[in-house]
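Reading through the structure tokens given below for one structure.
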Amino acid sequence: MKKSVKRFFWLVGIFLFLVIFRPWHWLPGQSDRTLSRTAATVAQSDTATHSKPLNHLLSNADSELPEAARFDRAVLAFMRKWELTGASLAIMKDGNLIYAKGYGWADREDGEPMEVRHILRIASISKLITATAVMKLWEQGRLPLDARVFGKQGILNDDRFCRYTDKRLEQVTVEQLLRHRGGFTVRAGDPMFDWQIVQRVLQRNPPYDMNDYVEYATRSGLGYRPNTRTYYSNLGYVVLSKVIEKVSGVAYERYVQDSILAPAGCYDMHIGESRHERKFPNEVRYYETKEAEAVPACDGSGQIVPKSNGGNDVHGLSGAGGWVASPTELLRFVSAIDGDPTRKDILKPSTVRRMTKEVKGELPIGWMHANSDGTWSRTGSMAGTSALLRKQSNGYTWVFVTNTSSWKGSRFHSHISTMLRQAFDRVTEWPEKDLFEADSLMNSEGM
């Protein structure tokens, strides 16, 4: 009888421990994947908490306009020239979404045309999302930009991140990482695109998660003294992703979805996966150039695979380059951080100005270029993807994303920009409409 009573109280104790402390949340790298799939399920359907994702309410037919026929022909000619399988475009004018259309194929093998609803990898445009999350925490007084990131007195003071020998790490601040001035270089190669570099330092095999990459960052050391030069770093933004987790107490993807994207009206943006078989239901298939070489799979399985299908660790890139999104929702996000009074922003005007202030010798926060005339841009490229976001001083903002990479790599963005500038010249007048209001219309009709 006494044993039965003891066993009863023992089981009750375990149950209360699980309910109160929820230990599965102690492992953000693991819960991240579960949360991603849960978020995707929510995003695909109507819920009581938010409307249906905008990209699921629109279709190519909404932008079949006689006045844009010559514009479309220019895009299609460009795609033929560069052998692009598919592309998706969205255009905003003075805060209104005036055009959204897919071109070519989302999945050529399955005969699935590119539609507005499809989501694509946006590569380094992800950094703008991560930077916004950091700045939101700063606005709330939870994350000083001059806070030290590493060391026992730093934000990431876990034991596994304090086994470093390069004491310069203790000088790295949040703002230095935001501006690519944190000391990280790719002289030995980019660890986010070559897992064997990480393997040599950590002395363990993949797959790797966010914690592994941060540990690599501390154990590999810096290439220069922090804040003495600018050196573009994917690894720095993975570290920032971990900073967001540590400060918020929530897995990176979930925090961004709940605290940044949802308030901006975006419900179908997620951290992607490396393999085609794990893609989201409305995610595209990715294509590379004919000359592209296969590589060892990033999961350490030993398979030789395309970079766009198992070679690059898309999930591990997290806030540096792991997000998948539709151009329509990406523009909705931008409309919430651009300082335009037409739509309510999720950041204060002073924060937007700080992110986009032109400083000689430094990169802006989140953006790749930010000129004083109000022209801002953000690029993204990886195997299977080229993405370009541009906010122009004339009131137009647009996003163009492909599911095919070019042999020109990151230099391909200049060709996209030139093509669209010429295509815009072919349209004398865009229609007076706002496709952002599609969700309001559907809700008013009880959809």
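Naming works like this for the structure tokens: A, B, ... for the chains as they're shown, residue 1 at the start of each chain, ligands 1 onward in shown order.
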Using only C-alpha atoms, tabulate the residues of segment 199-281 of chain A lying at most 10 Å from any atom of segment 105-118 of chain A, each with its closest atom pair and that distance in Å to one decimal, by chain and increasing residue number, as CSV.
residue,atom,partner,partner_atom,distance
A:Asp268,CA,A:Arg117,CA,9.4
A:Phe280,CA,A:His118,CA,9.6
A:Pro281,CA,A:His118,CA,8.9
Using only C-alpha atoms, which protein or nucleic acid residues come within 6 Å of segment 127-140 of chain A? Drop anything in the same chain fewer than 5 positions from it, and give the result as a compact mmCIF listing (two decimals) with C-alpha atoms, in the first residue's frame.
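Saved file selection37.txt follows:
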# COMPACT_ATOMS: atom_id res chain seq x y z
CA GLY A 319 18.15 34.37 -39.66
CA ALA A 320 21.05 34.75 -42.08
CA GLY A 366 19.47 44.79 -42.20
CA TRP A 367 19.53 46.45 -45.61
**Given only C-alpha atoms as the counted atoms, nearest of A:Val201, A:Tyr396, A:Ala147, A:Glu288 to Trp430 of chain A** = A:Tyr396
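You will find atom CA of Asp313 of chain A at 24.7 Å from atom CA of Arg163 of chain A.
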**Message:** Among segment 122-315 of chain A, which residues does DSSP mark as helix (DSSP H, G or I) when it is run on the backbone? Keep the chain and numbering as in the structure and answer as number ranges by chain.
**Reply:** A: 123-139, 159-161, 167-171, 174-178, 195-202, 210-220, 234-248, 252-261, 276-278, 307-311, 314-315
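Non-sequential neighbours of segment 67-82 of chain A (distance at most 9 Å, separation of 6 or more positions within a chain, only C-alpha atoms) are Tyr103, Gly104, Ser406, Ile416, Met419, Leu420, Gln422, Ala423, Phe424, Asp425, Arg426, Val427, Thr428, Glu429, Trp430 and Pro431 of chain A.
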Keeping only C-alpha atoms, write the selected residues as a PDB file, in the first residue's frame.
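Output below, filename out-v6.pdb:
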ATOM      1  CA  TYR A 103       5.927  33.607 -64.185  1.00  0.00           C
ATOM      2  CA  GLY A 104       7.056  30.268 -65.573  1.00  0.00           C
ATOM      3  CA  SER A 406      22.404  32.135 -62.281  1.00  0.00           C
ATOM      4  CA  ILE A 416      17.376  41.948 -62.541  1.00  0.00           C
ATOM      5  CA  MET A 419      15.466  44.562 -66.599  1.00  0.00           C
ATOM      6  CA  LEU A 420      12.790  45.821 -64.225  1.00  0.00           C
ATOM      7  CA  GLN A 422      13.304  49.020 -68.437  1.00  0.00           C
ATOM      8  CA  ALA A 423      10.070  47.051 -67.929  1.00  0.00           C
ATOM      9  CA  PHE A 424       8.643  49.839 -65.760  1.00  0.00           C
ATOM     10  CA  ASP A 425       9.277  52.279 -68.607  1.00  0.00           C
ATOM     11  CA  ARG A 426       6.862  50.244 -70.732  1.00  0.00           C
ATOM     12  CA  VAL A 427       3.916  50.992 -68.440  1.00  0.00           C
ATOM     13  CA  THR A 428       2.463  54.477 -68.772  1.00  0.00           C
ATOM     14  CA  GLU A 429       0.020  54.144 -65.888  1.00  0.00           C
ATOM     15  CA  TRP A 430      -0.591  51.504 -63.235  1.00  0.00           C
ATOM     16  CA  PRO A 431      -4.145  50.834 -62.028  1.00  0.00           C
TER      17      PRO A 431
END
Just the residues within 6 Å of segment 230-246 of chain A, please, counting only C-alpha atoms, with nothing from its chain fewer than 5 positions along; format it as a PDB file with N, CA and C atoms, in the first residue's frame.
ATOM      1  N   LEU A 177      27.492  43.189 -35.061  1.00  0.00           N
ATOM      2  CA  LEU A 177      27.003  42.054 -35.852  1.00  0.00           C
ATOM      3  C   LEU A 177      25.962  42.517 -36.865  1.00  0.00           C
ATOM      4  N   HIS A 180      27.809  44.001 -39.772  1.00  0.00           N
ATOM      5  CA  HIS A 180      28.881  43.176 -40.351  1.00  0.00           C
ATOM      6  C   HIS A 180      30.263  43.712 -39.971  1.00  0.00           C
ATOM      7  N   ARG A 181      30.403  44.089 -38.712  1.00  0.00           N
ATOM      8  CA  ARG A 181      31.673  44.606 -38.206  1.00  0.00           C
ATOM      9  C   ARG A 181      32.119  43.832 -36.958  1.00  0.00           C
ATOM     10  N   VAL A 214      26.990  28.548 -33.578  1.00  0.00           N
ATOM     11  CA  VAL A 214      27.466  29.575 -32.645  1.00  0.00           C
ATOM     12  C   VAL A 214      28.718  29.079 -31.928  1.00  0.00           C
ATOM     13  N   ALA A 251      12.020  30.187 -29.246  1.00  0.00           N
ATOM     14  CA  ALA A 251      12.746  29.769 -30.439  1.00  0.00           C
ATOM     15  C   ALA A 251      12.707  30.878 -31.485  1.00  0.00           C
ATOM     16  N   TYR A 252      13.815  31.065 -32.173  1.00  0.00           N
ATOM     17  CA  TYR A 252      13.959  32.185 -33.116  1.00  0.00           C
ATOM     18  C   TYR A 252      12.785  32.297 -34.087  1.00  0.00           C
ATOM     19  N   GLY A 319      18.339  32.948 -39.413  1.00  0.00           N
ATOM     20  CA  GLY A 319      18.148  34.367 -39.662  1.00  0.00           C
ATOM     21  C   GLY A 319      19.124  34.991 -40.626  1.00  0.00           C
ATOM     22  N   ALA A 320      20.103  34.232 -41.097  1.00  0.00           N
ATOM     23  CA  ALA A 320      21.053  34.754 -42.082  1.00  0.00           C
ATOM     24  C   ALA A 320      20.574  34.524 -43.505  1.00  0.00           C
TER      25      ALA A 320
END
**Prompt:** Smallest atom-to-atom distance to Glu432 of chain A: which of A:Leu57, A:Ile98, A:Leu89, A:Ile119, using only C-alpha atoms?
**Reply:** A:Ile98
**Request:** Could you please write out, as a list in words, every residue of segment 163-320 of chain A that DSSP assigns to strand (DSSP E)?
**Result:** His270, Ile271, Val295, Pro296, Ile304 and Val305 of chain A
Dump as a short mmCIF file (atom, residue, chain, number, x, y, z; two decimals), in the first residue's frame, selection limited to C-alpha atoms:
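Output file part-v2.cif is given in full below:
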data_model
loop_
_atom_site.label_atom_id
_atom_site.label_comp_id
_atom_site.auth_asym_id
_atom_site.auth_seq_id
_atom_site.Cartn_x
_atom_site.Cartn_y
_atom_site.Cartn_z
CA HIS A 270 8.84 30.19 -42.40
CA ILE A 271 12.36 28.88 -41.98
CA VAL A 295 28.31 18.36 -53.31
CA PRO A 296 28.26 16.16 -50.18
CA ILE A 304 26.22 13.60 -53.32
CA VAL A 305 23.41 16.04 -54.00
#
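Take atom CA of Arg160 of chain A and atom CA of Val256 of chain A: the distance between them is 24.9 Å.
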**Shortest interatomic distance to Leu202 of chain A - which of A:Asp190, A:Glu215, A:Gly95, A:Leu363, counting only C-alpha atoms** =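 Of all the options, A:Glu215 lies closest to Leu202 of chain A.
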**Request:** Name the residues in contact with Thr165 of chain A at a cut-off of 9 Å, using only C-alpha atoms, excluding same-chain residues fewer than 2 positions from it; report them as a ChimeraX atom specification.
**Result:** /A:162-163,167-169,218-221
Please write the residues from the selection above to a file, keeping C-alpha atoms, as a PDB file, in the first residue's frame.
ATOM      1  CA  CYS A 162      32.717  30.255 -23.489  1.00  0.00           C
ATOM      2  CA  ARG A 163      35.401  27.769 -24.521  1.00  0.00           C
ATOM      3  CA  LYS A 167      39.684  37.196 -26.231  1.00  0.00           C
ATOM      4  CA  ARG A 168      38.644  39.670 -28.924  1.00  0.00           C
ATOM      5  CA  LEU A 169      35.297  37.860 -28.962  1.00  0.00           C
ATOM      6  CA  THR A 218      33.514  31.076 -30.745  1.00  0.00           C
ATOM      7  CA  ARG A 219      36.028  28.286 -31.274  1.00  0.00           C
ATOM      8  CA  SER A 220      37.227  29.378 -34.719  1.00  0.00           C
ATOM      9  CA  GLY A 221      38.056  32.888 -33.528  1.00  0.00           C
TER      10      GLY A 221
END
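Of the listed residues (A:Cys266, A:Met382, A:Ile122, A:Leu222), A:Met382 comes nearest to Asn309 of chain A; the distances count only C-alpha atoms.
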**Request:** Write out as a ChimeraX atom specification each polymer residue whose atoms come within 7 Å of segment 355-360 of chain A, counting only C-alpha atoms; drop sequence neighbours fewer than 6 positions from it.
**Result:** /A:370-372
**Asked** Within 8 Å of Asp299 of chain A, counting only C-alpha atoms, which residues qualify if same-chain residues fewer than 4 places away don't, as a PyMOL selection string?
**Response** chain A and resi 206-208+310+313
